$ cat start_11.cif   # mmCIF, C-alpha atoms and all ligand atoms
data_structure
loop_
_atom_site.label_atom_id
_atom_site.label_comp_id
_atom_site.auth_asym_id
_atom_site.auth_seq_id
_atom_site.Cartn_x
_atom_site.Cartn_y
_atom_site.Cartn_z
CA MET A 11 112.51 84.07 93.74
CA THR A 12 113.90 86.80 96.04
CA TRP A 13 117.14 88.61 95.18
CA ILE A 14 118.86 86.72 98.02
CA GLU A 15 117.73 83.32 96.70
CA ASP A 16 118.94 84.36 93.26
CA LEU A 17 122.29 85.40 94.73
CA ALA A 18 122.57 82.05 96.57
CA HIS A 19 122.06 80.25 93.25
CA ARG A 20 124.79 82.33 91.64
CA ALA A 21 127.16 81.58 94.51
CA ASP A 22 126.35 77.85 94.44
CA ALA A 23 127.17 77.80 90.72
CA VAL A 24 130.78 78.92 91.33
CA LEU A 25 131.50 77.06 94.58
CA PRO A 26 132.56 73.43 95.04
CA ASP A 27 129.60 71.39 96.35
CA TYR A 28 131.19 70.79 99.75
CA VAL A 29 131.64 74.55 100.30
CA SER A 30 128.17 75.60 99.21
CA GLU A 31 126.59 72.83 101.28
CA TYR A 32 128.62 73.90 104.31
CA TYR A 33 127.41 77.49 103.90
CA HIS A 34 123.75 76.43 103.52
CA SER A 35 123.73 73.79 106.24
CA TYR A 36 121.40 73.82 109.25
CA ALA A 37 121.49 71.76 112.44
CA GLY A 38 119.15 68.84 113.07
CA ASP A 39 115.99 68.81 110.98
CA GLY A 40 116.58 72.41 109.86
CA SER A 41 113.32 73.65 111.34
CA CYS A 42 115.00 76.37 113.41
CA GLY A 43 116.78 77.62 110.29
CA ARG A 44 113.63 77.71 108.16
CA GLU A 45 111.35 79.05 110.90
CA GLY A 46 114.05 81.55 111.80
CA ILE A 47 113.35 83.19 108.44
CA ALA A 48 109.57 82.75 108.65
CA ASP A 49 109.36 84.29 112.13
CA TRP A 50 110.84 87.58 110.90
CA ASN A 51 108.17 87.66 108.21
CA ALA A 52 105.50 87.02 110.85
CA LEU A 53 106.39 90.39 112.37
CA ARG A 54 104.10 92.89 110.66
CA LEU A 55 104.88 96.59 110.49
CA ARG A 56 102.28 99.22 111.44
CA PRO A 57 102.69 102.18 109.09
CA SER A 58 101.82 105.66 110.23
CA VAL A 59 100.42 108.25 107.81
CA LEU A 60 100.55 112.05 107.62
CA ARG A 61 104.03 112.17 109.11
CA ASP A 62 107.05 113.82 107.53
CA ALA A 63 109.32 110.97 106.52
CA SER A 64 111.32 113.02 104.04
CA ILE A 65 114.50 113.15 106.11
CA GLN A 66 115.97 109.67 106.07
CA SER A 67 118.65 109.06 108.64
CA THR A 68 119.91 105.54 109.26
CA ALA A 69 123.27 106.36 110.88
CA THR A 70 123.79 105.05 114.39
CA GLN A 71 126.52 103.81 116.74
CA VAL A 72 127.27 100.32 117.98
CA LEU A 73 129.22 100.29 121.25
CA GLY A 74 130.34 103.80 120.34
CA THR A 75 131.47 103.01 116.78
CA PRO A 76 129.61 104.98 114.06
CA VAL A 77 128.00 102.95 111.26
CA SER A 78 125.92 104.14 108.30
CA ALA A 79 123.01 101.85 109.26
CA PRO A 80 122.33 99.27 111.99
CA ILE A 81 123.07 96.45 109.55
CA LEU A 82 126.39 94.70 110.28
CA VAL A 83 128.22 91.65 108.92
CA ALA A 84 128.09 88.51 111.11
CA PRO A 85 131.34 86.63 111.78
CA MET A 86 131.59 83.60 109.51
CA ALA A 87 134.29 80.95 109.30
CA GLN A 88 135.76 79.55 106.10
CA GLN A 89 135.49 82.69 103.96
CA VAL A 90 138.60 81.60 102.06
CA GLY A 91 136.31 78.87 100.70
CA ALA A 92 134.35 81.59 98.90
CA ARG A 93 137.34 83.62 97.68
CA PRO A 94 141.03 83.03 98.44
CA GLU A 95 141.31 86.52 99.99
CA GLY A 96 138.36 85.77 102.33
CA GLU A 97 137.67 88.43 104.96
CA VAL A 98 139.96 90.94 103.26
CA LEU A 99 137.31 91.29 100.54
CA THR A 100 134.46 91.18 103.06
CA ALA A 101 136.12 94.04 104.94
CA GLN A 102 136.48 96.00 101.69
CA GLY A 103 132.76 95.54 101.01
CA ALA A 104 131.85 96.53 104.57
CA ALA A 105 134.05 99.64 104.32
CA LYS A 106 132.30 100.65 101.12
CA ALA A 107 128.92 100.23 102.82
CA GLY A 108 130.09 102.19 105.88
CA THR A 109 129.53 99.34 108.29
CA LEU A 110 131.28 96.99 110.68
CA LEU A 111 132.14 93.31 110.30
CA GLY A 112 132.62 90.43 112.68
CA VAL A 113 135.77 88.34 112.06
CA SER A 114 135.63 84.66 112.99
CA THR A 115 138.28 82.89 115.05
CA ASN A 116 138.43 80.55 112.07
CA THR A 117 139.61 83.18 109.62
CA GLY A 118 142.12 82.53 106.85
CA ALA A 119 143.19 86.20 106.73
CA THR A 120 145.50 88.08 109.07
CA PHE A 121 144.12 90.72 111.40
CA SER A 122 146.39 93.38 109.91
CA ASP A 123 145.23 92.65 106.33
CA ILE A 124 141.58 92.81 107.43
CA ALA A 125 142.09 96.02 109.45
CA ALA A 126 143.90 97.69 106.52
CA GLN A 127 140.64 97.74 104.52
CA GLY A 128 139.30 100.51 106.76
CA ALA A 129 136.08 98.97 108.10
CA PRO A 130 135.68 98.80 111.89
CA TRP A 131 135.67 95.19 113.08
CA TRP A 132 134.88 93.01 116.06
CA TYR A 133 136.77 89.79 116.73
CA GLN A 134 134.64 86.69 117.32
CA VAL A 135 136.15 84.36 119.92
CA TYR A 136 135.84 80.62 120.15
CA VAL A 137 137.75 80.07 123.34
CA ALA A 138 140.38 77.40 122.72
CA ARG A 139 140.98 74.43 125.00
CA ASN A 140 144.43 75.93 125.53
CA ARG A 141 143.66 79.39 126.95
CA GLU A 142 147.13 80.63 126.00
CA ALA A 143 146.14 80.36 122.32
CA THR A 144 143.07 82.51 123.00
CA ARG A 145 145.09 85.02 125.00
CA LEU A 146 147.49 85.48 122.07
CA LEU A 147 144.63 85.84 119.58
CA VAL A 148 142.58 88.40 121.50
CA GLN A 149 145.65 90.48 122.29
CA ARG A 150 146.67 90.42 118.62
CA ALA A 151 143.14 91.39 117.59
CA ALA A 152 143.18 94.32 120.06
CA ALA A 153 146.58 95.42 118.73
CA ALA A 154 145.11 95.38 115.19
CA ASP A 155 142.36 97.75 116.36
CA ALA A 156 139.44 95.36 116.86
CA LYS A 157 136.83 97.46 118.65
CA ALA A 158 135.19 94.65 120.65
CA LEU A 159 135.12 90.89 121.18
CA ILE A 160 132.17 88.70 120.28
CA LEU A 161 132.28 85.72 122.62
CA THR A 162 130.29 82.96 120.94
CA VAL A 163 128.58 81.09 123.75
CA ASP A 164 126.53 78.56 121.76
CA THR A 165 129.46 76.19 121.63
CA THR A 166 127.59 72.94 121.48
CA PRO A 167 129.03 70.78 118.71
CA ILE A 168 127.39 71.56 115.38
CA GLY A 169 124.14 69.61 115.09
CA ARG A 170 124.44 68.03 111.71
CA GLU A 171 127.73 66.28 111.21
CA ILE A 172 128.41 65.57 107.55
CA PRO A 173 132.04 64.52 107.05
CA ALA A 174 132.06 65.45 103.35
CA ILE A 175 131.35 69.13 104.10
CA ASP A 176 133.31 69.44 107.36
CA PRO A 177 135.95 72.13 106.68
CA ARG A 178 138.53 69.97 108.46
CA ASN A 179 138.29 67.66 105.45
CA TRP A 180 138.45 70.36 102.78
CA PRO A 181 141.38 69.98 100.38
CA ALA A 182 142.90 73.31 101.50
CA GLY A 183 143.25 71.82 104.99
CA PRO A 184 142.40 73.26 108.38
CA ARG A 185 145.36 75.56 108.81
CA LYS A 186 144.76 77.63 105.73
CA ASN A 187 141.06 77.91 106.50
CA ARG A 188 141.38 78.69 110.15
CA THR A 189 143.96 80.13 112.42
CA ALA A 190 145.83 82.59 110.21
CA ASN A 191 146.66 84.62 113.29
CA LEU A 192 148.79 82.03 115.05
CA THR A 193 152.28 81.21 113.77
CA ALA A 194 153.17 77.76 112.44
CA ASP A 195 155.25 77.18 115.60
CA GLU A 196 152.34 78.14 117.81
CA LEU A 197 149.99 75.87 115.87
CA ASP A 198 152.42 72.99 116.33
CA ARG A 199 152.74 73.75 120.03
CA PHE A 200 148.98 74.00 120.69
CA GLY A 201 148.04 71.11 118.38
CA ALA A 202 144.43 69.97 118.83
CA ASP A 203 144.09 72.30 121.81
CA THR A 204 143.19 75.20 119.49
CA ASP A 205 139.84 73.36 119.20
CA MET A 206 136.86 74.98 120.87
CA ALA A 207 136.65 74.61 124.67
CA LEU A 208 133.32 73.28 125.89
CA ASP A 209 133.81 74.26 129.54
CA LEU A 210 133.03 77.98 129.40
CA THR A 211 131.41 79.72 132.38
CA PRO A 212 130.31 83.33 132.96
CA ASP A 213 133.82 83.98 134.34
CA THR A 214 135.13 83.64 130.79
CA ILE A 215 133.55 87.04 130.01
CA GLY A 216 135.57 88.91 132.63
CA TRP A 217 138.74 87.06 131.72
CA LEU A 218 138.41 88.06 128.06
CA ALA A 219 137.66 91.70 128.90
CA GLU A 220 140.67 91.88 131.19
CA THR A 221 142.99 90.06 128.79
CA SER A 222 142.08 92.17 125.75
CA GLY A 223 141.00 95.51 127.26
CA LEU A 224 137.97 95.35 124.92
CA PRO A 225 134.20 95.28 125.50
CA VAL A 226 132.66 91.81 125.20
CA LEU A 227 129.36 90.86 123.55
CA CYS A 228 127.94 87.37 124.14
CA LYS A 229 126.61 85.78 120.95
CA GLY A 230 124.17 82.90 120.84
CA VAL A 231 121.94 83.81 123.79
CA LEU A 232 118.28 82.72 123.45
CA THR A 233 116.76 83.14 126.92
CA ALA A 234 116.28 86.06 129.31
CA ARG A 235 117.86 83.99 132.08
CA ASP A 236 121.11 83.50 130.17
CA ALA A 237 121.17 87.14 129.08
CA ARG A 238 120.95 88.11 132.76
CA ARG A 239 123.83 85.73 133.66
CA CYS A 240 125.99 87.26 130.89
CA VAL A 241 125.26 90.87 131.89
CA ASP A 242 125.79 90.16 135.57
CA ALA A 243 129.17 88.67 134.65
CA GLY A 244 130.16 91.89 132.84
CA ALA A 245 129.00 91.50 129.22
CA ASP A 246 128.70 94.81 127.37
CA GLY A 247 126.22 93.46 124.84
CA ILE A 248 124.12 90.46 123.85
CA ILE A 249 123.73 89.04 120.35
CA VAL A 250 120.52 87.03 120.18
CA SER A 251 121.31 84.29 117.69
CA THR A 252 120.61 80.70 116.71
CA HIS A 253 123.91 80.70 114.80
CA GLY A 254 121.79 80.87 111.64
CA GLY A 255 119.95 77.68 112.68
CA ARG A 256 123.27 75.80 112.82
CA ARG A 257 123.38 74.79 116.49
CA LEU A 258 120.16 73.21 117.80
CA GLY A 259 117.77 72.08 115.09
CA ASN A 260 114.52 72.79 116.89
CA SER A 261 115.49 75.60 119.24
CA VAL A 262 113.41 78.77 119.57
CA THR A 263 114.11 81.30 116.84
CA SER A 264 115.82 84.67 117.29
CA ALA A 265 112.62 86.63 116.55
CA TYR A 266 110.89 84.61 119.29
CA ALA A 267 113.68 85.11 121.84
CA LEU A 268 114.44 88.79 121.21
CA PRO A 269 111.52 90.40 123.16
CA GLU A 270 112.14 88.51 126.42
CA ILE A 271 115.87 89.33 126.28
CA LEU A 272 115.17 93.02 125.59
CA ALA A 273 112.77 93.08 128.53
CA GLU A 274 115.43 91.58 130.81
CA VAL A 275 118.62 93.48 129.84
CA GLY A 276 117.70 95.92 127.07
CA SER A 277 117.88 98.96 129.36
CA GLU A 278 121.40 97.98 130.53
CA VAL A 279 123.34 96.84 127.45
CA GLU A 280 123.08 96.83 123.67
CA VAL A 281 121.07 93.90 122.36
CA HIS A 282 121.82 92.84 118.78
CA VAL A 283 120.23 90.03 116.77
CA ASP A 284 120.95 87.76 113.82
CA SER A 285 119.77 84.57 112.09
CA GLY A 286 117.38 84.48 109.17
CA ILE A 287 117.10 88.24 108.51
CA ARG A 288 116.48 88.28 104.78
CA GLY A 289 115.84 91.90 103.86
CA GLY A 290 115.73 95.52 105.02
CA ALA A 291 112.06 95.29 106.07
CA GLN A 292 112.87 92.40 108.41
CA ALA A 293 115.82 94.41 109.75
CA ALA A 294 113.43 97.30 110.43
CA ALA A 295 111.12 95.01 112.40
CA ALA A 296 114.03 93.83 114.57
CA ILE A 297 115.18 97.40 115.23
CA ALA A 298 111.59 98.44 116.01
CA LEU A 299 111.38 95.71 118.65
CA GLY A 300 114.45 97.26 120.25
CA ALA A 301 117.53 95.60 118.77
CA LYS A 302 120.43 98.02 118.39
CA ALA A 303 121.59 96.36 115.16
CA VAL A 304 121.11 93.26 113.05
CA HIS A 305 123.93 91.06 111.72
CA ILE A 306 123.75 89.42 108.30
CA GLY A 307 125.36 86.04 107.65
CA ARG A 308 124.84 83.87 104.58
CA PRO A 309 123.67 86.59 102.16
CA VAL A 310 127.02 88.35 102.68
CA MET A 311 128.90 85.09 102.11
CA TRP A 312 126.95 84.49 98.91
CA GLY A 313 127.76 88.03 97.74
CA LEU A 314 131.44 87.37 98.49
CA ALA A 315 131.43 84.10 96.55
CA ALA A 316 129.53 85.49 93.56
CA ASP A 317 131.16 88.91 93.16
CA GLY A 318 133.94 89.41 95.73
CA ALA A 319 134.16 92.75 97.58
CA ASP A 320 131.67 94.34 95.16
CA GLY A 321 129.24 91.53 95.94
CA VAL A 322 129.53 92.14 99.68
CA ALA A 323 129.05 95.87 99.19
CA ALA A 324 126.03 95.26 96.92
CA VAL A 325 124.35 92.97 99.47
CA LEU A 326 124.80 95.54 102.23
CA ALA A 327 123.68 98.41 99.97
CA THR A 328 120.52 96.49 99.04
CA TYR A 329 119.68 95.82 102.71
CA GLN A 330 120.27 99.51 103.44
CA ALA A 331 118.12 100.68 100.51
CA GLU A 332 115.29 98.35 101.53
CA PHE A 333 115.63 99.60 105.11
CA VAL A 334 115.29 103.24 103.98
CA THR A 335 112.31 102.42 101.76
CA THR A 336 110.63 100.59 104.65
CA LEU A 337 111.14 103.52 107.04
CA ARG A 338 109.72 105.90 104.45
CA GLN A 339 106.70 103.65 103.88
CA MET A 340 106.17 103.52 107.65
CA GLY A 341 106.21 107.32 107.92
CA ILE A 342 109.45 107.32 109.89
CA GLY A 343 112.30 109.72 109.12
CA SER A 344 115.02 108.43 111.44
CA VAL A 345 116.14 105.02 112.62
CA HIS A 346 116.00 106.34 116.16
CA ASP A 347 112.22 106.85 115.88
CA LEU A 348 111.49 103.14 115.28
CA ALA A 349 109.70 101.80 118.35
CA PRO A 350 107.94 98.62 119.54
CA ARG A 351 104.56 100.23 118.76
CA ASP A 352 105.52 100.00 115.05
CA VAL A 353 105.47 96.19 114.96
CA VAL A 354 103.09 93.36 115.88
CA VAL A 355 103.29 89.58 115.64
CA ARG A 356 100.82 88.17 113.12
CA ARG A 357 98.75 85.41 114.70
C1 LIG A 401 129.29 79.44 106.81
C2 LIG A 401 129.04 80.01 108.18
C3 LIG A 401 130.07 80.07 109.10
C4 LIG A 401 129.86 80.59 110.36
N1 LIG A 401 130.91 80.68 111.22
C5 LIG A 401 130.74 81.26 112.44
C6 LIG A 401 131.83 81.42 113.32
O1 LIG A 401 132.96 81.07 113.01
N2 LIG A 401 131.58 81.98 114.52
C7 LIG A 401 130.33 82.40 114.90
O2 LIG A 401 130.16 82.92 116.00
N3 LIG A 401 129.29 82.28 114.06
C8 LIG A 401 129.46 81.72 112.85
N4 LIG A 401 128.39 81.61 112.00
C9 LIG A 401 127.07 82.15 112.40
C10 LIG A 401 126.93 83.62 111.98
O3 LIG A 401 127.76 84.46 112.73
C11 LIG A 401 125.50 84.12 112.16
O4 LIG A 401 125.08 83.87 113.48
C12 LIG A 401 124.49 83.47 111.21
O5 LIG A 401 125.07 83.19 109.96
C13 LIG A 401 123.32 84.44 111.01
O6 LIG A 401 122.30 83.82 110.30
P1 LIG A 401 122.05 84.01 108.72
O7 LIG A 401 123.11 83.26 108.02
O8 LIG A 401 120.70 83.41 108.55
O9 LIG A 401 122.06 85.50 108.43
C14 LIG A 401 128.58 81.06 110.73
C15 LIG A 401 127.53 81.00 109.80
C16 LIG A 401 127.76 80.48 108.54
C17 LIG A 401 126.62 80.46 107.55
#

$ encode --input "start_11.cif" --output "structure tokens"
Amino acid sequence: MTWIEDLAHRADAVLPDYVSEYYHSYAGDGSCGREGIADWNALRLRPSVLRDASIQSTATQVLGTPVSAPILVAPMAQQVGARPEGEVLTAQGAAKAGTLLGVSTNTGATFSDIAAQGAPWWYQVYVARNREATRLLVQRAAAADAKALILTVDTTPIGREIPAIDPRNWPAGPRKNRTANLTADELDRFGADTDMALDLTPDTIGWLAETSGLPVLCKGVLTARDARRCVDAGADGIIVSTHGGRRLGNSVTSAYALPEILAEVGSEVEVHVDSGIRGGAQAAAAIALGAKAVHIGRPVMWGLAADGADGVAAVLATYQAEFVTTLRQMGIGSVHDLAPRDVVVRR
């Protein structure tokens, strides 16, 4: 059993079944989720010998924000299901690890409480059917020092509908789990129109940038063609993602999609990647291909559930330590020296 599988077991032991199943769940037959992990392992590293790898430097910048390593926290909804303080503890863990976190639209914590923990953060946007709700949220996020917006563009309804684990049916109720950054009056006024809009177009990117004054990354892109459409519409970054295998059960995986997207837009904008990255060696392979950073989802949530802020910090520290060990074993002294020549796909 890997340390992440062990951590997942420890989290499952303290969580109600409906929460742990929601965190684990995949779309469709789950093949994209499972193969999403396997495809990172199919990338093999090519070590280089007789090189001085004694100086280990993993620090880098993401859209101008310094981080201790290119390993960030993915935005995840329903963190109050893991711990009542939710993202406040995740932000504490990220601050301790010197990295940045994504904060979901469906957060149960206020922007100011998250920001007060000292970690840089990006606000993940599900555009609401009522655009006024989204305008208020992105402007409040910017005022609370969010450094960028992550526009999630894979907004197809979640593939595997299981009423028992749907957060809308959790005992704590949707308001507590979700829109902590709208007032009760606003929630009453917007009603069901805070639900995700399904009519986004590339123009949404420019509208968000203008409304918030922040850079916009598009998350959930899996083809070069869509990456081009996003960049041409003004996106400042792309996050290649299958939503952790939670959107389209048998879609291509992130490891499969990353090279074509880098070839199309990698010289123009930052390309990040997530979904199924289960260790520092896999993170190194993604960075070697050309990703600027990787984002970690479930393992962070499991750390939060099992051990709170310390658990989040420990997960990130373990990824970072594995990343450093991998670089050293590859004969590489700095994250900036990782290159596509250092990785091949096993056939
Ligand atoms: C419980 C859970 C909730 C999530 N909620 C969101 C969300 O609100 N917005 C979003 O863009 N992505 C969401 N994601 C997807 C993550 O941002 C990320 O893409 C994915 O978890 C990465 O894959 P991994 O879990 O295999 O690391 C969620 C993922 C999980 C597991």

$ residues_near_ligand --input "start_11.cif" --ligand "ligand LIG 401 (chain A)" --cutoff "8 Å" --atoms "all atoms listed in the file" --output "PyMOL selection string"
chain A and resi 32-35+43+46-47+84-89+112-117+134-136+160-162+229-230+251-256+284-288+305-309+311

$ axis_aligned_box --input "start_11.cif" --around "stretch 91-105 of chain A" --padding-each-side "4 Å" --output "JSON"
{"center_x": 136.6, "center_y": 89.3, "center_z": 101.3, "size_x": 17.5, "size_y": 28.8, "size_z": 15.3}

$ residues_around --input "start_11.cif" --residues "A:Ala267" --least-positions-apart "4" --cutoff "10 Å" --atoms "only C-alpha atoms" --output "tab-separated table (two decimals) with C-alpha atoms, in the frame of the given file"
chain	number	residue	atom	x	y	z
A	231	VAL	CA	121.94	83.81	123.79
A	232	LEU	CA	118.28	82.72	123.45
A	233	THR	CA	116.76	83.14	126.92
A	234	ALA	CA	116.28	86.06	129.31
A	250	VAL	CA	120.52	87.03	120.18
A	251	SER	CA	121.31	84.29	117.69
A	252	THR	CA	120.61	80.70	116.71
A	262	VAL	CA	113.41	78.77	119.57
A	263	THR	CA	114.11	81.30	116.84
A	271	ILE	CA	115.87	89.33	126.28
A	272	LEU	CA	115.17	93.02	125.59
A	283	VAL	CA	120.23	90.03	116.77

$ residues_around --input "start_11.cif" --residues "A:Ala156" --least-positions-apart "5" --cutoff "9 Å" --atoms "all atoms listed in the file" --output "list in words"
Phe121, Ala125, Pro130, Trp131, Trp132, Tyr133, Val148, Arg150, Ala151 and Leu224 of chain A

$ atom_distance --input "start_11.cif" --atom1 "atom CA of A:Ser344" --atom2 "atom CA of A:Ile65"
7.1 Å

$ closest_residue --input "start_11.cif" --among "A:Leu258, A:Ala69, A:Ala21, A:Leu227" --to "A:Phe333" --atoms "all atoms listed in the file"
A:Ala69

$ build_atoms --input "start_11.cif" --residues "stretch 269-299 of chain A" --atoms "N, CA and C atoms" --output "short mmCIF file (atom, residue, chain, number, x, y, z; two decimals), in the frame of the given file"
data_model
loop_
_atom_site.label_atom_id
_atom_site.label_comp_id
_atom_site.auth_asym_id
_atom_site.auth_seq_id
_atom_site.Cartn_x
_atom_site.Cartn_y
_atom_site.Cartn_z
N PRO A 269 112.27 89.55 122.21
CA PRO A 269 111.52 90.40 123.16
C PRO A 269 111.82 90.08 124.62
N GLU A 270 111.92 88.81 125.00
CA GLU A 270 112.14 88.51 126.42
C GLU A 270 113.54 88.97 126.85
N ILE A 271 114.49 88.92 125.93
CA ILE A 271 115.87 89.33 126.28
C ILE A 271 115.94 90.86 126.39
N LEU A 272 115.23 91.55 125.49
CA LEU A 272 115.17 93.02 125.59
C LEU A 272 114.52 93.43 126.90
N ALA A 273 113.46 92.72 127.29
CA ALA A 273 112.77 93.08 128.53
C ALA A 273 113.70 92.89 129.73
N GLU A 274 114.57 91.89 129.67
CA GLU A 274 115.43 91.58 130.81
C GLU A 274 116.64 92.52 130.90
N VAL A 275 117.34 92.74 129.77
CA VAL A 275 118.62 93.48 129.84
C VAL A 275 118.71 94.66 128.88
N GLY A 276 117.64 94.90 128.12
CA GLY A 276 117.70 95.92 127.07
C GLY A 276 117.95 97.33 127.58
N SER A 277 117.63 97.61 128.84
CA SER A 277 117.88 98.96 129.36
C SER A 277 119.31 99.09 129.90
N GLU A 278 120.05 97.95 129.95
CA GLU A 278 121.40 97.98 130.53
C GLU A 278 122.50 97.88 129.49
N VAL A 279 122.28 97.07 128.46
CA VAL A 279 123.34 96.84 127.45
C VAL A 279 122.71 96.84 126.06
N GLU A 280 123.57 96.94 125.05
CA GLU A 280 123.08 96.83 123.67
C GLU A 280 122.68 95.38 123.38
N VAL A 281 121.50 95.22 122.77
CA VAL A 281 121.07 93.90 122.36
C VAL A 281 121.02 93.89 120.83
N HIS A 282 121.79 93.00 120.23
CA HIS A 282 121.82 92.84 118.78
C HIS A 282 121.15 91.51 118.43
N VAL A 283 120.90 91.28 117.14
CA VAL A 283 120.23 90.03 116.77
C VAL A 283 120.67 89.60 115.38
N ASP A 284 120.73 88.29 115.16
CA ASP A 284 120.95 87.76 113.82
C ASP A 284 120.20 86.45 113.66
N SER A 285 120.33 85.87 112.49
CA SER A 285 119.77 84.57 112.09
C SER A 285 118.47 84.75 111.31
N GLY A 286 118.57 84.52 110.02
CA GLY A 286 117.38 84.48 109.17
C GLY A 286 116.84 85.83 108.72
N ILE A 287 117.60 86.91 108.92
CA ILE A 287 117.10 88.24 108.51
C ILE A 287 117.38 88.41 107.02
N ARG A 288 116.32 88.36 106.23
CA ARG A 288 116.48 88.28 104.78
C ARG A 288 115.89 89.51 104.09
N GLY A 289 116.26 90.69 104.54
CA GLY A 289 115.84 91.90 103.86
C GLY A 289 115.77 93.08 104.81
N GLY A 290 115.74 94.29 104.22
CA GLY A 290 115.73 95.52 105.02
C GLY A 290 114.45 95.69 105.81
N ALA A 291 113.33 95.16 105.32
CA ALA A 291 112.06 95.29 106.07
C ALA A 291 112.13 94.45 107.34
N GLN A 292 112.73 93.26 107.23
CA GLN A 292 112.87 92.40 108.41
C GLN A 292 113.85 93.04 109.41
N ALA A 293 114.88 93.69 108.87
CA ALA A 293 115.82 94.41 109.75
C ALA A 293 115.08 95.51 110.49
N ALA A 294 114.19 96.22 109.79
CA ALA A 294 113.43 97.30 110.43
C ALA A 294 112.55 96.77 111.55
N ALA A 295 111.96 95.60 111.36
CA ALA A 295 111.12 95.01 112.40
C ALA A 295 111.96 94.69 113.64
N ALA A 296 113.16 94.16 113.43
CA ALA A 296 114.03 93.83 114.57
C ALA A 296 114.45 95.09 115.32
N ILE A 297 114.77 96.14 114.58
CA ILE A 297 115.18 97.40 115.23
C ILE A 297 113.97 98.01 115.96
N ALA A 298 112.78 97.90 115.35
CA ALA A 298 111.59 98.44 116.01
C ALA A 298 111.34 97.73 117.34
N LEU A 299 111.57 96.42 117.38
CA LEU A 299 111.38 95.71 118.65
C LEU A 299 112.34 96.22 119.72
#
